[in-house]
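Below is the file run21.cif, which contains mmCIF, C-alpha atoms.
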data_entry
loop_
_atom_site.label_atom_id
_atom_site.label_comp_id
_atom_site.auth_asym_id
_atom_site.auth_seq_id
_atom_site.Cartn_x
_atom_site.Cartn_y
_atom_site.Cartn_z
CA MET N 1 -0.54 13.34 -12.21
CA THR N 2 3.09 14.51 -12.42
CA LEU N 3 3.63 13.31 -8.84
CA LEU N 4 1.96 9.98 -9.54
CA ILE N 5 4.05 9.30 -12.66
CA THR N 6 7.27 10.22 -10.83
CA VAL N 7 6.41 8.00 -7.84
CA PHE N 8 5.78 5.03 -10.17
CA ALA N 9 9.09 5.75 -11.92
CA ALA N 10 10.83 5.95 -8.52
CA VAL N 11 9.39 2.61 -7.39
CA ILE N 12 10.34 0.87 -10.66
CA ALA N 13 13.87 2.34 -10.54
CA THR N 14 14.29 1.26 -6.90
CA VAL N 15 13.11 -2.30 -7.61
CA ALA N 16 15.51 -2.51 -10.58
CA TRP N 17 18.35 -1.13 -8.40
CA TYR N 18 17.64 -3.63 -5.60
CA LYS N 19 17.47 -6.52 -8.08
CA HIS N 20 20.95 -5.73 -9.41
CA ALA N 21 22.54 -4.67 -6.08
CA PRO N 22 25.29 -4.75 -4.89
CA GLU N 23 26.53 -4.47 -8.49
CA SER N 24 26.03 -0.95 -9.77
CA GLN N 25 27.36 -1.20 -13.29
CA MET N 26 24.21 0.37 -14.70
CA LYS N 27 24.28 3.22 -12.13
CA LEU N 28 20.57 2.73 -11.40
CA GLY N 29 21.04 4.53 -8.08
CA ILE N 30 21.16 7.82 -10.02
CA LEU N 31 17.65 7.22 -11.33
CA CYS N 32 16.42 6.43 -7.80
CA TRP N 33 17.78 9.72 -6.42
CA LEU N 34 16.36 11.72 -9.34
CA PHE N 35 12.86 10.23 -9.08
CA TRP N 36 12.62 10.09 -5.27
CA GLY N 37 13.98 13.63 -4.88
CA ALA N 38 11.46 14.98 -7.39
CA SER N 39 8.63 12.90 -5.87
CA LEU N 40 9.26 14.34 -2.40
CA MET N 41 9.38 17.89 -3.73
CA TRP N 42 6.24 17.47 -5.83
CA LEU N 43 4.55 15.94 -2.78
CA VAL N 44 5.14 19.23 -0.96
CA ASP N 45 3.71 21.07 -3.97
CA ALA N 46 0.66 18.77 -3.85
CA ILE N 47 0.15 19.38 -0.11
CA PHE N 48 0.26 23.16 -0.63
CA GLU N 49 -2.17 22.87 -3.53
CA TYR N 50 -4.48 20.65 -1.48
CA ALA N 51 -4.40 23.18 1.36
CA GLU N 52 -5.48 25.84 -1.13
CA LEU N 53 -8.07 23.91 -3.17
CA GLY N 54 -9.33 21.29 -0.74
CA ALA N 55 -11.13 18.27 -2.23
CA GLU N 56 -11.17 20.02 -5.61
CA TYR N 57 -7.51 19.04 -5.90
CA PHE N 58 -8.56 15.44 -6.60
CA THR N 59 -10.91 16.35 -9.44
CA PRO N 60 -8.75 18.22 -11.93
CA ALA N 61 -10.06 19.34 -15.31
CA PRO N 62 -9.22 16.83 -18.08
CA ALA N 63 -7.06 19.41 -19.88
CA ASP N 64 -5.03 20.07 -16.70
CA MET N 65 -4.65 16.34 -16.10
CA LEU N 66 -3.42 15.79 -19.64
CA ASN N 67 -0.91 18.63 -19.34
CA ASP N 68 0.30 17.28 -15.98
CA ALA N 69 0.66 13.78 -17.42
CA PHE N 70 2.59 15.21 -20.37
CA LEU N 71 4.84 17.06 -17.93
CA GLY N 72 5.32 13.92 -15.81
CA LEU N 73 6.31 11.83 -18.82
CA SER N 74 8.64 14.59 -20.03
CA ALA N 75 10.25 14.73 -16.56
CA VAL N 76 10.77 10.95 -16.67
CA ALA N 77 12.30 11.26 -20.15
CA LEU N 78 14.64 14.03 -18.94
CA ALA N 79 15.68 11.93 -15.92
CA LEU N 80 16.43 8.97 -18.21
CA VAL N 81 18.54 11.20 -20.46
CA ILE N 82 20.46 12.59 -17.43
CA TRP N 83 21.06 9.00 -16.23
CA LEU N 84 22.20 7.87 -19.68
CA VAL N 85 24.64 10.78 -20.05
CA ILE N 86 26.15 10.08 -16.60
CA LEU N 87 26.31 6.34 -17.40
CA LEU N 88 28.13 6.94 -20.69
CA ILE N 89 30.53 9.48 -19.16
CA LYS N 90 31.37 7.28 -16.14
CA ASP N 91 31.41 4.22 -18.40
CA PRO N 92 31.59 1.60 -15.61
CA LYS N 93 31.80 -1.31 -18.06
CA GLY N 94 34.54 0.40 -20.08
CA VAL N 95 32.54 0.05 -23.32
CA ILE N 96 33.25 3.59 -24.57
CA LYS N 97 36.91 3.33 -23.54
CA ASN N 98 37.31 0.07 -25.46
CA MET N 99 35.60 1.66 -28.45
CA LEU N 100 38.03 4.63 -28.44
CA PHE N 101 41.19 2.53 -28.24
CA LYS N 102 42.34 -0.21 -30.53
CA LYS N 103 44.71 -2.77 -29.08
CA LYS N 104 48.05 -3.05 -30.91
CA LYS N 105 48.74 -6.54 -32.24
CA MET K 106 7.89 30.09 -9.17
CA ALA K 107 11.38 29.38 -7.92
CA CYS K 108 10.87 27.04 -4.97
CA PHE K 109 13.49 24.60 -6.31
CA LEU K 110 16.21 27.18 -5.58
CA VAL K 111 15.97 26.44 -1.84
CA PRO K 112 16.75 22.68 -2.08
CA ALA K 113 19.30 23.48 -4.83
CA THR K 114 21.10 25.85 -2.44
CA GLU K 115 21.05 23.17 0.26
CA ALA K 116 22.44 20.72 -2.32
CA ILE K 117 25.41 23.04 -3.00
CA ILE K 118 26.14 23.28 0.73
CA THR K 119 25.83 19.53 1.39
CA THR K 120 27.94 18.67 -1.67
CA ILE K 121 30.76 20.90 -0.40
CA ALA K 122 30.33 19.44 3.11
CA ALA K 123 30.53 15.88 1.73
CA LYS K 124 33.73 16.69 -0.19
CA VAL K 125 35.35 18.26 2.90
CA LEU K 126 34.25 15.36 5.14
CA GLU K 127 35.53 12.79 2.64
CA LYS K 128 39.01 14.33 2.78
CA LYS K 129 39.04 14.55 6.59
CA GLU K 130 37.51 11.16 7.38
CA ARG K 131 39.91 8.49 8.55
CA GLU K 132 39.32 4.86 7.72
CA GLN K 133 36.63 3.27 9.86
CA ASP K 134 37.54 0.55 12.35
CA ALA K 135 36.58 -2.93 11.25
CA VAL K 136 33.67 -4.62 13.01
CA ARG K 137 32.42 -8.19 12.90
CA VAL K 138 29.09 -8.38 11.12
CA LYS K 139 26.87 -11.05 9.71
CA LEU K 140 26.27 -10.37 6.04
CA GLU K 141 24.84 -12.77 3.48
CA GLY K 142 26.80 -15.86 4.61
CA VAL K 143 26.46 -17.97 7.76
CA ALA K 144 29.82 -17.02 9.28
CA PRO K 145 30.45 -13.46 10.57
CA VAL K 146 32.94 -11.42 8.54
CA GLU K 147 35.16 -8.40 9.19
CA ALA K 148 33.75 -5.24 7.60
CA THR K 149 33.88 -1.46 7.91
CA LYS K 150 30.85 0.76 8.32
CA LEU K 151 29.84 3.11 5.53
CA PRO K 152 31.44 6.52 6.31
CA PHE K 153 29.18 9.50 7.04
CA SER K 154 30.37 11.35 3.92
CA LYS K 155 28.91 8.52 1.79
CA LYS K 156 25.61 8.79 3.65
CA LEU K 157 25.65 12.54 3.09
CA LYS K 158 25.84 11.76 -0.63
CA TRP K 159 22.37 10.17 -0.33
CA LEU K 160 21.06 13.60 0.67
CA ASN K 161 23.00 15.20 -2.20
CA GLY K 162 21.40 12.77 -4.62
CA LEU K 163 17.89 13.50 -3.43
CA LEU K 164 18.43 17.26 -3.43
CA TRP K 165 20.19 17.48 -6.82
CA GLY K 166 17.80 15.00 -8.43
CA GLY K 167 14.69 16.73 -7.17
CA SER K 168 16.00 20.21 -7.96
CA ALA K 169 16.91 19.20 -11.52
CA LEU K 170 13.45 17.84 -12.34
CA LEU K 171 11.72 20.72 -10.58
CA ALA K 172 13.83 23.22 -12.51
CA PHE K 173 12.58 21.51 -15.67
CA GLU K 174 9.00 21.88 -14.44
CA HIS K 175 9.59 25.61 -13.94
CA VAL K 176 10.95 25.91 -17.49
CA TRP K 177 7.84 24.02 -18.67
CA HIS K 178 5.59 26.55 -16.96
CA GLY K 179 7.59 29.49 -18.31
CA GLU K 180 8.77 30.55 -14.84
CA VAL K 181 12.45 30.07 -15.68
CA THR K 182 13.93 31.47 -18.89
CA PRO K 183 17.40 31.15 -20.42
CA TRP K 184 17.73 34.97 -20.56
CA PHE K 185 18.08 37.66 -17.88
CA PRO K 186 16.60 37.88 -15.21
CA PHE K 187 16.16 34.08 -15.68
CA LEU K 188 13.18 34.04 -13.30
CA THR K 189 10.18 35.69 -14.97
CA ALA K 190 8.79 36.69 -11.58
CA ALA K 191 11.93 38.74 -10.86
CA ALA K 192 10.98 41.26 -13.55
CA ASP K 193 8.02 42.57 -11.57
CA LYS K 194 8.03 43.74 -7.92
CA ALA K 195 4.70 42.16 -6.96
CA ASP K 196 5.62 38.88 -8.66
CA ALA K 197 9.03 38.94 -6.99
CA ALA K 198 7.40 39.27 -3.56
CA GLU K 199 5.12 36.35 -4.37
CA MET K 200 8.11 34.34 -5.56
CA LEU K 201 10.03 35.02 -2.34
CA HIS K 202 6.97 34.02 -0.32
CA GLU K 203 6.73 30.74 -2.26
CA MET K 204 10.42 30.09 -1.71
CA ALA K 205 9.99 30.72 2.01
CA THR K 206 7.00 28.37 2.28
CA ALA K 207 7.04 25.63 -0.39
CA GLY K 208 10.79 25.83 -1.05
CA VAL K 209 11.78 25.56 2.62
CA SER K 210 9.19 22.78 3.16
CA MET K 211 10.73 20.82 0.26
CA ALA K 212 14.22 21.14 1.73
CA VAL K 213 12.91 20.18 5.20
CA LEU K 214 10.98 17.14 3.92
CA VAL K 215 13.92 15.83 1.87
CA THR K 216 16.26 16.32 4.85
CA ALA K 217 13.74 14.62 7.18
CA VAL K 218 13.49 11.62 4.84
CA TRP K 219 17.30 11.44 4.76
CA LEU K 220 17.39 11.53 8.59
CA VAL K 221 14.92 8.62 8.64
CA MET K 222 17.21 6.78 6.19
CA LEU K 223 20.14 7.43 8.57
CA GLY K 224 18.11 6.08 11.48
CA VAL K 225 17.05 2.95 9.61
CA SER K 226 20.61 2.32 8.38
CA ALA K 227 21.91 2.67 11.95
CA LEU K 228 19.37 0.07 13.10
CA ILE K 229 20.39 -2.31 10.29
CA GLU K 230 24.07 -1.84 11.22
CA LYS K 231 23.35 -2.54 14.89
CA ARG K 232 21.34 -5.65 14.04
CA ALA K 233 24.13 -7.00 11.79
CA ILE K 234 26.74 -6.47 14.54
CA LYS K 235 24.45 -8.04 17.16
CA GLN K 236 23.83 -11.09 14.98
CA ALA K 237 27.60 -11.58 14.61
CA ALA K 238 28.25 -11.41 18.36
CA PRO K 239 29.05 -14.80 19.95
CA VAL K 240 26.12 -16.37 21.83
CA LYS K 241 26.68 -16.49 25.61
CA ILE K 242 25.66 -19.72 27.31
#
Turn this file's structure into structure tokens for me.
Amino acid sequence: MTLLITVFAAVIATVAWYKHAPESQMKLGILCWLFWGASLMWLVDAIFEYAELGAEYFTPAPADMLNDAFLGLSAVALALVIWLVILLIKDPKGVIKNMLFKKKK
Amino acid sequence: MACFLVPATEAIITTIAAKVLEKKEREQDAVRVKLEGVAPVEATKLPFSKKLKWLNGLLWGGSALLAFEHVWHGEVTPWFPFLTAAADKADAAEMLHEMATAGVSMAVLVTAVWLVMLGVSALIEKRAIKQAAPVKI
């Protein structure tokens, strides 16, 4: 479930990045790297788990599924916060900079 | 248990490598390519250090979210020894085994995907240069 949620997030982030490319004012590329990197790593985790459990891997207990979904959504939330912090620090549109300085008349 | 440490270590190495390469790289020679317009334009290829940053992004991004997962499962703590498995010898051995199997596989898969991205980008570059070449009659 965690893998599935991250893959969906990665696909959505990539589509949004492609739609706005080549402009990168919103730094959507950061989200793509975060989600794709995690998806690939969780895919490896899933393969190892499948090798251990076999077909049972695809029929998780409802409680496990819920916990995994909760983890997946939390991971997405964390990635969004990381992206937002980087976006505000890099401030490509100069919004924060303009807010901090007042032009002299 | 601590599998994310392997790709995180690779990320440190590739980040340093990208920084060093960026300083050493000279400006690329311009080539004629066909971009969005009809007429070919002069352009430079993306330097290798920038492409290495794709790998950095994947490795850092994945490691960050996986580190969070390990905190979620109580395998990483903010106090010494930071990895709960490190406190016990048997758990530590299991952790090292997981790093050697799952951790290395993660680093290998991410690097393999990056290599595929390099291959595809090289093909796209070649195609753009070929399209810009004058047609021989």
Select from chain K every residue with an atom at most 12 Å from any atom of chain N, then for each give the shortest pair of atoms and their distance in Å to one decimal, using all atoms listed in the file, rows by chain and rising number, as JSON lines.
{"residue": "K:Met106", "atom": "CA", "partner": "N:Asp45", "partner_atom": "CA", "distance": 11.2}
{"residue": "K:Ala107", "atom": "CA", "partner": "N:Asp45", "partner_atom": "CA", "distance": 12.0}
{"residue": "K:Cys108", "atom": "CA", "partner": "N:Met41", "partner_atom": "CA", "distance": 9.4}
{"residue": "K:Phe109", "atom": "CA", "partner": "N:Met41", "partner_atom": "CA", "distance": 8.3}
{"residue": "K:Leu110", "atom": "CA", "partner": "N:Met41", "partner_atom": "CA", "distance": 11.7}
{"residue": "K:Val111", "atom": "CA", "partner": "N:Met41", "partner_atom": "CA", "distance": 11.0}
{"residue": "K:Pro112", "atom": "CA", "partner": "N:Met41", "partner_atom": "CA", "distance": 8.9}
{"residue": "K:Ala113", "atom": "CA", "partner": "N:Gly37", "partner_atom": "CA", "distance": 11.2}
{"residue": "K:Ala116", "atom": "CA", "partner": "N:Gly37", "partner_atom": "CA", "distance": 11.3}
{"residue": "K:Glu141", "atom": "CA", "partner": "N:Pro22", "partner_atom": "CA", "distance": 11.6}
{"residue": "K:Lys158", "atom": "CA", "partner": "N:Trp33", "partner_atom": "CA", "distance": 10.1}
{"residue": "K:Trp159", "atom": "CA", "partner": "N:Trp33", "partner_atom": "CA", "distance": 7.6}
{"residue": "K:Leu160", "atom": "CA", "partner": "N:Trp33", "partner_atom": "CA", "distance": 8.7}
{"residue": "K:Asn161", "atom": "CA", "partner": "N:Trp33", "partner_atom": "CA", "distance": 8.7}
{"residue": "K:Gly162", "atom": "CA", "partner": "N:Trp33", "partner_atom": "CA", "distance": 5.1}
{"residue": "K:Leu163", "atom": "CA", "partner": "N:Gly37", "partner_atom": "CA", "distance": 4.2}
{"residue": "K:Leu164", "atom": "CA", "partner": "N:Gly37", "partner_atom": "CA", "distance": 5.9}
{"residue": "K:Trp165", "atom": "CA", "partner": "N:Leu34", "partner_atom": "CA", "distance": 7.4}
{"residue": "K:Gly166", "atom": "CA", "partner": "N:Leu34", "partner_atom": "CA", "distance": 3.7}
{"residue": "K:Gly167", "atom": "CA", "partner": "N:Ala38", "partner_atom": "CA", "distance": 3.7}
{"residue": "K:Ser168", "atom": "CA", "partner": "N:Ala38", "partner_atom": "CA", "distance": 6.9}
{"residue": "K:Ala169", "atom": "CA", "partner": "N:Leu34", "partner_atom": "CA", "distance": 7.8}
{"residue": "K:Leu170", "atom": "CA", "partner": "N:Ala38", "partner_atom": "CA", "distance": 6.1}
{"residue": "K:Leu171", "atom": "CA", "partner": "N:Ala38", "partner_atom": "CA", "distance": 6.6}
{"residue": "K:Ala172", "atom": "CA", "partner": "N:Ala38", "partner_atom": "CA", "distance": 10.0}
{"residue": "K:Phe173", "atom": "CA", "partner": "N:Ala75", "partner_atom": "CA", "distance": 7.2}
{"residue": "K:Glu174", "atom": "CA", "partner": "N:Leu71", "partner_atom": "CA", "distance": 7.3}
{"residue": "K:His175", "atom": "CA", "partner": "N:Leu71", "partner_atom": "CA", "distance": 10.6}
{"residue": "K:Val176", "atom": "CA", "partner": "N:Leu71", "partner_atom": "CA", "distance": 10.8}
{"residue": "K:Trp177", "atom": "CA", "partner": "N:Leu71", "partner_atom": "CA", "distance": 7.6}
{"residue": "K:His178", "atom": "CA", "partner": "N:Leu71", "partner_atom": "CA", "distance": 9.6}
{"residue": "K:Glu203", "atom": "CA", "partner": "N:Phe48", "partner_atom": "CA", "distance": 10.1}
{"residue": "K:Met204", "atom": "CA", "partner": "N:Asp45", "partner_atom": "CA", "distance": 11.5}
{"residue": "K:Thr206", "atom": "CA", "partner": "N:Phe48", "partner_atom": "CA", "distance": 9.0}
{"residue": "K:Ala207", "atom": "CA", "partner": "N:Asp45", "partner_atom": "CA", "distance": 6.7}
{"residue": "K:Gly208", "atom": "CA", "partner": "N:Met41", "partner_atom": "CA", "distance": 8.5}
{"residue": "K:Val209", "atom": "CA", "partner": "N:Val44", "partner_atom": "CA", "distance": 9.8}
{"residue": "K:Ser210", "atom": "CA", "partner": "N:Val44", "partner_atom": "CA", "distance": 6.8}
{"residue": "K:Met211", "atom": "CA", "partner": "N:Met41", "partner_atom": "CA", "distance": 5.1}
{"residue": "K:Ala212", "atom": "CA", "partner": "N:Met41", "partner_atom": "CA", "distance": 8.0}
{"residue": "K:Val213", "atom": "CA", "partner": "N:Met41", "partner_atom": "CA", "distance": 9.9}
{"residue": "K:Leu214", "atom": "CA", "partner": "N:Leu40", "partner_atom": "CA", "distance": 7.1}
{"residue": "K:Val215", "atom": "CA", "partner": "N:Leu40", "partner_atom": "CA", "distance": 6.5}
{"residue": "K:Thr216", "atom": "CA", "partner": "N:Leu40", "partner_atom": "CA", "distance": 10.3}
{"residue": "K:Ala217", "atom": "CA", "partner": "N:Leu40", "partner_atom": "CA", "distance": 10.6}
{"residue": "K:Val218", "atom": "CA", "partner": "N:Leu40", "partner_atom": "CA", "distance": 8.8}
{"residue": "K:Trp219", "atom": "CA", "partner": "N:Gly37", "partner_atom": "CA", "distance": 10.4}
How would the residues just picked look written out with C-alpha atoms as a tab-separated table (two decimals), keeping the file's coordinate frame?
chain	number	residue	atom	x	y	z
K	106	MET	CA	7.89	30.09	-9.17
K	107	ALA	CA	11.38	29.38	-7.92
K	108	CYS	CA	10.87	27.04	-4.97
K	109	PHE	CA	13.49	24.60	-6.31
K	110	LEU	CA	16.21	27.18	-5.58
K	111	VAL	CA	15.97	26.44	-1.84
K	112	PRO	CA	16.75	22.68	-2.08
K	113	ALA	CA	19.30	23.48	-4.83
K	116	ALA	CA	22.44	20.72	-2.32
K	141	GLU	CA	24.84	-12.77	3.48
K	158	LYS	CA	25.84	11.76	-0.63
K	159	TRP	CA	22.37	10.17	-0.33
K	160	LEU	CA	21.06	13.60	0.67
K	161	ASN	CA	23.00	15.20	-2.20
K	162	GLY	CA	21.40	12.77	-4.62
K	163	LEU	CA	17.89	13.50	-3.43
K	164	LEU	CA	18.43	17.26	-3.43
K	165	TRP	CA	20.19	17.48	-6.82
K	166	GLY	CA	17.80	15.00	-8.43
K	167	GLY	CA	14.69	16.73	-7.17
K	168	SER	CA	16.00	20.21	-7.96
K	169	ALA	CA	16.91	19.20	-11.52
K	170	LEU	CA	13.45	17.84	-12.34
K	171	LEU	CA	11.72	20.72	-10.58
K	172	ALA	CA	13.83	23.22	-12.51
K	173	PHE	CA	12.58	21.51	-15.67
K	174	GLU	CA	9.00	21.88	-14.44
K	175	HIS	CA	9.59	25.61	-13.94
K	176	VAL	CA	10.95	25.91	-17.49
K	177	TRP	CA	7.84	24.02	-18.67
K	178	HIS	CA	5.59	26.55	-16.96
K	203	GLU	CA	6.73	30.74	-2.26
K	204	MET	CA	10.42	30.09	-1.71
K	206	THR	CA	7.00	28.37	2.28
K	207	ALA	CA	7.04	25.63	-0.39
K	208	GLY	CA	10.79	25.83	-1.05
K	209	VAL	CA	11.78	25.56	2.62
K	210	SER	CA	9.19	22.78	3.16
K	211	MET	CA	10.73	20.82	0.26
K	212	ALA	CA	14.22	21.14	1.73
K	213	VAL	CA	12.91	20.18	5.20
K	214	LEU	CA	10.98	17.14	3.92
K	215	VAL	CA	13.92	15.83	1.87
K	216	THR	CA	16.26	16.32	4.85
K	217	ALA	CA	13.74	14.62	7.18
K	218	VAL	CA	13.49	11.62	4.84
K	219	TRP	CA	17.30	11.44	4.76
Here atom CA of K:Val138 and atom CA of K:Leu228 stand apart by 13.0 Å
So what does the PyMOL selection byres ((chain K and resi 150) around 8) actually pick up in this one, as a ChimeraX atom specification?
-> /K:133-136,148-149,151-152,230
Find the distance between atom CA of N:Glu56 and atom CA of K:Val181 and write it in Å to one decimal.
->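 Separation of atom CA of N:Glu56 and atom CA of K:Val181: 27.6 Å.
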State, in Å with one decimal place, the distance from atom CA of N:Lys93 to atom CA of N:Glu23.
-> 11.4 Å
Restricting the calculation to all atoms listed in the file, which member of N:Val85, N:Ala10, N:Met1, N:Leu80 is positioned closest to N:Asn67?
->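 Checking each candidate against N:Asn67, we get N:Met1 as the closest.
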Could you please give me, as number ranges by chain, the residues of protein, DNA or RNA lying at most 10 Å from (3.8, 34.1, -13.2) in the coordinate frame of the file, considering all atoms listed in the file?
-> K: 106, 178-181, 188-191, 193, 196-197, 199-200
